[in-house]
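J.: Input structure: start.pdb, which contains PDB, C-alpha atoms.
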ATOM      1  CA  MET A  62      30.591  34.533   2.211
ATOM      2  CA  CYS A  63      27.436  32.719   1.108
ATOM      3  CA  SER A  64      25.744  33.935  -2.028
ATOM      4  CA  SER A  65      22.259  35.425  -1.840
ATOM      5  CA  LYS A  66      21.003  32.448  -3.802
ATOM      6  CA  SER A  67      22.337  30.070  -1.136
ATOM      7  CA  GLU A  68      20.872  32.231   1.609
ATOM      8  CA  ASN A  69      17.453  31.983   0.029
ATOM      9  CA  LEU A  70      17.410  28.196  -0.138
ATOM     10  CA  SER A  71      14.334  26.894   1.661
ATOM     11  CA  TYR A  72      14.624  24.248   4.347
ATOM     12  CA  GLU A  73      12.749  21.836   2.084
ATOM     13  CA  LYS A  74      15.278  22.244  -0.718
ATOM     14  CA  ILE A  75      18.132  21.681   1.713
ATOM     15  CA  LEU A  76      16.501  18.455   2.831
ATOM     16  CA  TYR A  77      16.263  17.268  -0.765
ATOM     17  CA  ALA A  78      20.027  17.592  -0.997
ATOM     18  CA  ILE A  79      20.927  15.706   2.198
ATOM     19  CA  GLU A  80      22.990  12.551   2.124
ATOM     20  CA  PRO A  81      21.150   9.203   2.301
ATOM     21  CA  SER A  82      20.309   8.524   5.940
ATOM     22  CA  VAL A  83      17.800   6.964   8.346
ATOM     23  CA  TYR A  84      15.535   9.322  10.289
ATOM     24  CA  ILE A  85      13.907   7.759  13.340
ATOM     25  CA  VAL A  86      10.851   9.985  13.737
ATOM     26  CA  GLY A  87       8.414  10.210  16.607
ATOM     27  CA  ALA A  88       4.929  10.439  15.114
ATOM     28  CA  GLY A  89       3.289  11.514  18.365
ATOM     29  CA  PRO A  90       0.205   9.873  19.875
ATOM     30  CA  GLY A  91      -1.887   9.825  16.705
ATOM     31  CA  ASP A  92      -3.118  13.274  15.727
ATOM     32  CA  PRO A  93      -1.177  14.336  12.589
ATOM     33  CA  ASP A  94      -1.396  17.964  13.762
ATOM     34  CA  LEU A  95       0.826  17.067  16.719
ATOM     35  CA  LEU A  96       3.776  16.093  14.538
ATOM     36  CA  THR A  97       6.775  18.370  14.923
ATOM     37  CA  VAL A  98       7.544  20.712  12.046
ATOM     38  CA  LYS A  99      10.763  18.798  11.398
ATOM     39  CA  ALA A 100       8.867  15.498  11.229
ATOM     40  CA  GLN A 101       6.436  16.946   8.691
ATOM     41  CA  LYS A 102       9.254  18.287   6.528
ATOM     42  CA  LEU A 103      11.065  14.961   6.570
ATOM     43  CA  LEU A 104       7.908  13.069   5.633
ATOM     44  CA  ALA A 105       7.380  15.477   2.740
ATOM     45  CA  VAL A 106      10.753  14.710   1.164
ATOM     46  CA  ALA A 107      11.812  11.193   2.244
ATOM     47  CA  ASP A 108      12.205   8.537  -0.446
ATOM     48  CA  VAL A 109      11.137   5.674   1.828
ATOM     49  CA  ILE A 110       8.776   5.499   4.811
ATOM     50  CA  LEU A 111       8.937   2.547   7.208
ATOM     51  CA  PHE A 112       5.514   2.738   8.804
ATOM     52  CA  ALA A 113       4.545   1.063  12.101
ATOM     53  CA  ASP A 114       1.024   0.565  10.794
ATOM     54  CA  SER A 115      -0.411  -1.080  13.916
ATOM     55  CA  LEU A 116       0.363   2.009  16.028
ATOM     56  CA  ILE A 117       0.185   5.026  13.697
ATOM     57  CA  PRO A 118      -2.928   6.269  11.849
ATOM     58  CA  GLU A 119      -2.836   6.178   8.072
ATOM     59  CA  GLN A 120      -3.730   9.883   7.844
ATOM     60  CA  ILE A 121      -0.099  10.685   8.589
ATOM     61  CA  LEU A 122       0.860   9.114   5.263
ATOM     62  CA  GLU A 123      -0.999  11.935   3.510
ATOM     63  CA  LEU A 124       1.985  14.131   4.401
ATOM     64  CA  CYS A 125       4.390  11.925   2.437
ATOM     65  CA  ARG A 126       5.560  12.356  -1.128
ATOM     66  CA  LYS A 127       3.119  10.828  -3.578
ATOM     67  CA  ASP A 128       5.894   8.693  -5.051
ATOM     68  CA  ALA A 129       7.444   7.685  -1.700
ATOM     69  CA  GLU A 130       7.906   3.983  -1.066
ATOM     70  CA  ILE A 131       5.659   3.051   1.880
ATOM     71  CA  ILE A 132       6.634  -0.126   3.734
ATOM     72  CA  ARG A 133       4.393  -1.447   6.515
ATOM     73  CA  THR A 134       6.324  -3.072   9.344
ATOM     74  CA  ALA A 135       3.781  -4.430  11.830
ATOM     75  CA  ASN A 136       4.485  -8.007  10.727
ATOM     76  CA  GLN A 137       8.249  -7.639  10.326
ATOM     77  CA  THR A 138      11.131  -8.479  12.644
ATOM     78  CA  LEU A 139      13.979  -6.148  13.543
ATOM     79  CA  GLU A 140      16.288  -8.087  11.240
ATOM     80  CA  GLU A 141      13.925  -7.623   8.293
ATOM     81  CA  ILE A 142      13.504  -3.918   9.034
ATOM     82  CA  LEU A 143      17.263  -3.419   9.383
ATOM     83  CA  ALA A 144      17.914  -5.144   6.058
ATOM     84  CA  ILE A 145      15.534  -2.699   4.352
ATOM     85  CA  MET A 146      17.241   0.277   5.986
ATOM     86  CA  ILE A 147      20.696  -0.850   4.898
ATOM     87  CA  ASP A 148      19.569  -1.643   1.350
ATOM     88  CA  ARG A 149      17.730   1.638   0.766
ATOM     89  CA  VAL A 150      20.381   3.882   2.327
ATOM     90  CA  ARG A 151      23.623   2.144   1.381
ATOM     91  CA  SER A 152      22.722   0.386  -1.871
ATOM     92  CA  GLN A 153      20.041   2.672  -3.290
ATOM     93  CA  HIS A 154      21.289   5.957  -1.759
ATOM     94  CA  LYS A 155      17.850   6.951  -0.516
ATOM     95  CA  SER A 156      16.597   8.893   2.495
ATOM     96  CA  LEU A 157      14.437   6.823   4.826
ATOM     97  CA  VAL A 158      12.050   7.752   7.635
ATOM     98  CA  ARG A 159      11.335   5.144  10.288
ATOM     99  CA  LEU A 160       8.069   6.270  11.896
ATOM    100  CA  HIS A 161       7.491   5.340  15.541
ATOM    101  CA  SER A 162       4.438   6.201  17.617
ATOM    102  CA  GLY A 163       4.799   8.721  20.429
ATOM    103  CA  ASP A 164       8.343   9.772  21.284
ATOM    104  CA  PRO A 165      11.209   7.464  20.277
ATOM    105  CA  SER A 166      12.811   7.745  23.727
ATOM    106  CA  LEU A 167       9.897   5.913  25.378
ATOM    107  CA  TYR A 168       9.084   2.227  24.797
ATOM    108  CA  SER A 169       9.896   2.375  21.102
ATOM    109  CA  ALA A 170      12.606  -0.323  20.868
ATOM    110  CA  ILE A 171      14.997   2.015  19.074
ATOM    111  CA  HIS A 172      17.993   1.187  21.278
ATOM    112  CA  GLU A 173      18.781  -1.961  19.330
ATOM    113  CA  GLN A 174      17.994  -0.273  15.997
ATOM    114  CA  MET A 175      20.498   2.499  16.689
ATOM    115  CA  HIS A 176      23.128   0.023  17.836
ATOM    116  CA  LEU A 177      22.787  -2.082  14.682
ATOM    117  CA  LEU A 178      22.695   0.951  12.387
ATOM    118  CA  ALA A 179      25.903   2.228  13.984
ATOM    119  CA  GLU A 180      27.532  -1.200  13.574
ATOM    120  CA  ALA A 181      26.578  -1.146   9.881
ATOM    121  CA  ASN A 182      27.910   2.423   9.472
ATOM    122  CA  ILE A 183      24.482   3.685   8.425
ATOM    123  CA  PRO A 184      23.991   7.355   9.381
ATOM    124  CA  PHE A 185      20.866   8.084  11.407
ATOM    125  CA  GLU A 186      19.156  10.869  13.313
ATOM    126  CA  VAL A 187      16.425  10.771  15.955
ATOM    127  CA  ILE A 188      13.568  13.294  15.819
ATOM    128  CA  PRO A 189      11.511  13.518  19.025
ATOM    129  CA  GLY A 190       7.731  13.430  19.160
ATOM    130  CA  ILE A 191       4.984  14.211  21.655
ATOM    131  CA  SER A 192       4.313  11.350  24.048
ATOM    132  CA  ALA A 193       0.857  10.121  24.996
ATOM    133  CA  PHE A 194       1.180  11.405  28.565
ATOM    134  CA  GLN A 195       1.711  14.949  27.280
ATOM    135  CA  ALA A 196      -1.204  14.770  24.864
ATOM    136  CA  ALA A 197      -3.411  13.261  27.581
ATOM    137  CA  ALA A 198      -2.551  16.020  30.063
ATOM    138  CA  ALA A 199      -3.455  18.588  27.407
ATOM    139  CA  LYS A 200      -6.803  16.882  26.755
ATOM    140  CA  LEU A 201      -7.481  16.719  30.504
ATOM    141  CA  LYS A 202      -6.408  20.367  30.886
ATOM    142  CA  VAL A 203      -4.189  19.589  33.846
ATOM    143  CA  GLU A 204      -0.645  20.326  34.901
ATOM    144  CA  LEU A 205       0.979  17.210  36.321
ATOM    145  CA  THR A 206       3.347  19.214  38.541
ATOM    146  CA  VAL A 207       1.201  21.376  40.831
ATOM    147  CA  PRO A 208       3.127  23.452  43.419
ATOM    148  CA  GLY A 209       2.656  22.231  46.963
ATOM    149  CA  LEU A 210       0.962  19.047  45.771
ATOM    150  CA  VAL A 211       3.129  17.083  43.344
ATOM    151  CA  GLN A 212       6.395  17.966  41.612
ATOM    152  CA  THR A 213       7.458  14.673  40.055
ATOM    153  CA  ILE A 214       6.269  12.711  37.033
ATOM    154  CA  ILE A 215       7.078   9.012  36.772
ATOM    155  CA  LEU A 216       6.772   7.253  33.406
ATOM    156  CA  THR A 217       6.690   3.492  33.800
ATOM    157  CA  ARG A 218       4.966   0.203  33.049
ATOM    158  CA  ILE A 219       4.085  -2.931  34.981
ATOM    159  CA  SER A 220       5.944  -6.181  34.490
ATOM    160  CA  GLY A 221       4.438  -8.409  31.836
ATOM    161  CA  ARG A 222       6.026 -10.279  28.961
ATOM    162  CA  THR A 223       8.751  -7.672  29.283
ATOM    163  CA  GLU A 224       9.876  -7.526  32.900
ATOM    164  CA  VAL A 225      10.955  -4.345  34.662
ATOM    165  CA  PRO A 226      14.003  -4.264  36.959
ATOM    166  CA  ALA A 227      13.245  -5.243  40.564
ATOM    167  CA  THR A 228      14.104  -1.728  41.764
ATOM    168  CA  GLU A 229      11.429  -0.328  39.436
ATOM    169  CA  GLU A 230       8.495  -2.482  40.516
ATOM    170  CA  LEU A 231       5.232  -0.539  40.406
ATOM    171  CA  ALA A 232       4.599  -0.743  44.155
ATOM    172  CA  THR A 233       8.044   0.755  44.794
ATOM    173  CA  LEU A 234       7.428   3.672  42.436
ATOM    174  CA  ALA A 235       3.892   4.206  43.733
ATOM    175  CA  ALA A 236       5.336   4.898  47.182
ATOM    176  CA  HIS A 237       6.350   8.354  45.922
ATOM    177  CA  GLN A 238       2.687   9.266  45.288
ATOM    178  CA  ALA A 239       3.882  11.316  42.306
ATOM    179  CA  SER A 240       2.041  11.855  39.040
ATOM    180  CA  LEU A 241       2.482   8.369  37.665
ATOM    181  CA  CYS A 242       1.953   7.653  33.968
ATOM    182  CA  LEU A 243       1.487   3.951  33.379
ATOM    183  CA  TYR A 244       2.085   2.622  29.873
ATOM    184  CA  LEU A 245       1.544  -0.828  28.355
ATOM    185  CA  SER A 246      -0.365  -2.194  31.340
ATOM    186  CA  ALA A 247      -4.024  -2.673  30.369
ATOM    187  CA  ARG A 248      -3.643  -6.462  30.131
ATOM    188  CA  HIS A 249      -2.439  -6.520  33.735
ATOM    189  CA  VAL A 250      -4.771  -3.884  35.150
ATOM    190  CA  GLU A 251      -5.889  -5.856  38.233
ATOM    191  CA  ASN A 252      -2.291  -6.358  39.300
ATOM    192  CA  ALA A 253      -1.487  -2.727  38.606
ATOM    193  CA  GLN A 254      -4.471  -1.499  40.620
ATOM    194  CA  ALA A 255      -3.526  -3.675  43.595
ATOM    195  CA  LYS A 256       0.047  -2.381  43.634
ATOM    196  CA  LEU A 257      -1.064   1.251  43.310
ATOM    197  CA  LEU A 258      -3.555   0.881  46.160
ATOM    198  CA  GLU A 259      -0.690  -0.035  48.469
ATOM    199  CA  HIS A 260       0.320   3.638  48.458
ATOM    200  CA  TYR A 261      -2.307   5.847  46.815
ATOM    201  CA  PRO A 262      -5.682   6.412  48.543
ATOM    202  CA  ALA A 263      -8.552   4.515  46.915
ATOM    203  CA  GLU A 264     -10.252   7.800  45.950
ATOM    204  CA  THR A 265      -7.195   9.089  44.073
ATOM    205  CA  PRO A 266      -8.427  10.142  40.620
ATOM    206  CA  ILE A 267      -6.969   8.338  37.652
ATOM    207  CA  ALA A 268      -7.385   9.045  33.956
ATOM    208  CA  ILE A 269      -7.808   6.065  31.643
ATOM    209  CA  CYS A 270      -6.730   7.275  28.220
ATOM    210  CA  PHE A 271      -7.365   5.087  25.177
ATOM    211  CA  ARG A 272      -5.853   5.868  21.754
ATOM    212  CA  ILE A 273      -5.128   9.493  22.552
ATOM    213  CA  GLY A 274      -5.094  11.577  19.383
ATOM    214  CA  TRP A 275      -7.039   9.037  17.315
ATOM    215  CA  PRO A 276     -10.616   9.644  16.092
ATOM    216  CA  ASP A 277     -11.937   6.986  18.517
ATOM    217  CA  GLU A 278     -10.043   8.184  21.602
ATOM    218  CA  LYS A 279     -11.648   7.697  25.012
ATOM    219  CA  ILE A 280     -10.787   9.356  28.327
ATOM    220  CA  LYS A 281     -12.398   8.251  31.579
ATOM    221  CA  VAL A 282     -11.559   9.750  34.980
ATOM    222  CA  VAL A 283     -12.463   7.415  37.847
ATOM    223  CA  PRO A 284     -11.292   6.686  41.411
ATOM    224  CA  LEU A 285      -8.290   4.380  41.634
ATOM    225  CA  ASN A 286     -10.356   1.551  43.112
ATOM    226  CA  GLU A 287     -12.473   1.506  39.918
ATOM    227  CA  MET A 288      -9.489   1.349  37.550
ATOM    228  CA  ALA A 289      -9.789  -2.348  36.660
ATOM    229  CA  ASP A 290     -13.592  -2.405  36.444
ATOM    230  CA  CYS A 291     -13.671   0.598  34.081
ATOM    231  CA  THR A 292     -10.930  -0.896  31.904
ATOM    232  CA  HIS A 293     -12.888  -4.128  31.501
ATOM    233  CA  LYS A 294     -16.197  -2.347  30.982
ATOM    234  CA  GLU A 295     -14.681  -0.301  28.153
ATOM    235  CA  GLU A 296     -12.976  -3.435  26.760
ATOM    236  CA  LEU A 297      -9.554  -1.803  26.690
ATOM    237  CA  ILE A 298      -6.662  -4.159  26.000
ATOM    238  CA  ARG A 299      -3.968  -2.113  24.291
ATOM    239  CA  THR A 300      -2.983   1.475  23.395
ATOM    240  CA  THR A 301      -4.120   2.574  26.865
ATOM    241  CA  LEU A 302      -2.338   4.990  29.187
ATOM    242  CA  TYR A 303      -3.188   5.438  32.860
ATOM    243  CA  ILE A 304      -2.423   8.684  34.675
ATOM    244  CA  ILE A 305      -2.577   8.382  38.457
ATOM    245  CA  SER A 306      -2.152  11.759  40.110
ATOM    246  CA  PRO A 307      -3.479  14.014  42.864
ATOM    247  CA  ALA A 308      -3.137  16.784  40.249
ATOM    248  CA  LEU A 309      -6.267  15.487  38.534
ATOM    249  CA  SER A 310      -8.379  16.873  41.371
ATOM    250  CA  ALA A 311      -6.252  19.886  42.262
ATOM    251  CA  ASN A 312      -8.129  23.163  42.602
ATOM    252  CA  LYS A 313      -5.369  25.278  44.084
ATOM    253  CA  GLY A 314      -1.625  25.718  44.026
ATOM    254  CA  ARG A 315       0.440  28.503  42.531
ATOM    255  CA  SER A 316       3.915  28.564  41.058
ATOM    256  CA  ARG A 317       6.382  30.964  42.624
ATOM    257  CA  LEU A 318       7.728  31.842  39.192
ATOM    258  CA  TYR A 319       5.031  34.425  38.376
ATOM    259  CA  HIS A 320       4.192  35.468  41.929
ATOM    260  CA  PRO A 321       4.539  39.256  42.479
ATOM    261  CA  GLU A 322       6.680  38.634  45.578
ATOM    262  CA  HIS A 323       9.125  36.428  43.702
ATOM    263  CA  SER A 324      12.179  38.010  42.098
ATOM    264  CA  HIS A 325      14.522  36.442  39.567
ATOM    265  CA  LEU A 326      17.037  37.377  36.897
ATOM    266  CA  PHE A 327      14.464  39.052  34.647
ATOM    267  CA  ARG A 328      12.115  40.628  37.231
ATOM    268  CA  SER A 329      12.321  42.332  40.599
ATOM    269  CA  SER A 330       9.761  41.484  43.279
ATOM    270  CA  HIS A 331       6.760  43.823  43.588
ATOM    271  CA  ASN A 332       6.858  44.125  47.363
TER     272      ASN A 332
END
For the structure just supplied, provide its representation as structure tokens.
T.:
Amino acid sequence: MCSSKSENLSYEKILYAIEPSVYIVGAGPGDPDLLTVKAQKLLAVADVILFADSLIPEQILELCRKDAEIIRTANQTLEEILAIMIDRVRSQHKSLVRLHSGDPSLYSAIHEQMHLLAEANIPFEVIPGISAFQAAAAKLKVELTVPGLVQTIILTRISGRTEVPATEELATLAAHQASLCLYLSARHVENAQAKLLEHYPAETPIAICFRIGWPDEKIKVVPLNEMADCTHKEELIRTTLYIISPALSANKGRSRLYHPEHSHLFRSSHN
């Protein structure tokens, strides 16, 4: 049986006692208040912070230990970053947070990091974060899955320097007319608009979301056929998310879940 002293250990104290490890942490879209509680606690105790400084606002560093080693990685290669991870964890026995923007499962290039860390026998854990599409939907005050209108969300990008598989070409995905969240595509906006117009009506509302969660964020809602013109007018090149969805103009639609005529495990119908 655990002693009362052990039972009263705070989560922070437990973290101080953890074995040296790498924590791949999703920092969310930019607003420090949108970090998960676990991310905040890890930042507060980690010995080393690898900071993707071109994508994450510096305000997040205010949550770190005052004596933490902060290493900026915007100008570093994967090999250089991996060498730091191995040195700090294996050689110096330190805990290390690798901060990524958004959620690590989306366009964060962690697949190869995890593979190489596993090959080097370096323990690691992944902590999810809020993605830009979720933060943008909250700002827009919309649900991207409206009953009777749209029930699917597609997260994708257009081919550029990094190609997408042929089966995932934008025109193919646009055929579903789902809520489509388009990342990493501002530099190819004319091509993206043309492919989307093959399947979505020209008047379909789209949200152009720039640096969501940052102090200088911008959100513009325009018809699909104005997508490229608005992007150029606002001089948006990077850190831009497009949401193309009939849900942006929805004014009706009700979920069955809370309908009085709908029964389920926890509630009988009110017929």
J.: Neighbouring residues of region 287-290 of chain A were defined as those with any atom within 6 Å, considering only C-alpha atoms; residues of the same chain fewer than 3 positions away were excluded. Please report them as a PyMOL selection string.
T.: chain A and resi 250-251+284+293
J.: Which value, in Å to one decimal, gives the distance between CA of Pro208 (chain A) and CA of Cys270 (chain A)?
T.: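 So the two atoms, CA of Pro208 (chain A) and CA of Cys270 (chain A), lie 24.3 Å apart.
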J.: Convert the output of the PyMOL selection byres ((chain A and resi 151-164) around 6) on the shown file into explicit residues, formatted as a PyMOL selection string.
T.: chain A and resi 81-90+107-112+117+147-150+165-167+189-192
J.: Taking 2 positions as the minimum chain separation for residues in the same chain, which residues sit within 6 Å of region 234-249 of chain A when counting all atoms listed in the file? Answer as a ChimeraX atom specification.
T.: /A:211,213-219,231-232,251-252,257,260,298,302-306
J.: Closest to Lys200 (chain A) among A:Asp94, A:Glu278, A:Thr301, A:Lys294, using only C-alpha atoms?
T.: A:Glu278
J.: Suppose a student applies the PyMOL selection byres ((chain A and resi 126) around 8) to this structure; what residues should they get, written as an NGL selection string?
T.: :A and (104-108 or 124-125 or 127-129)
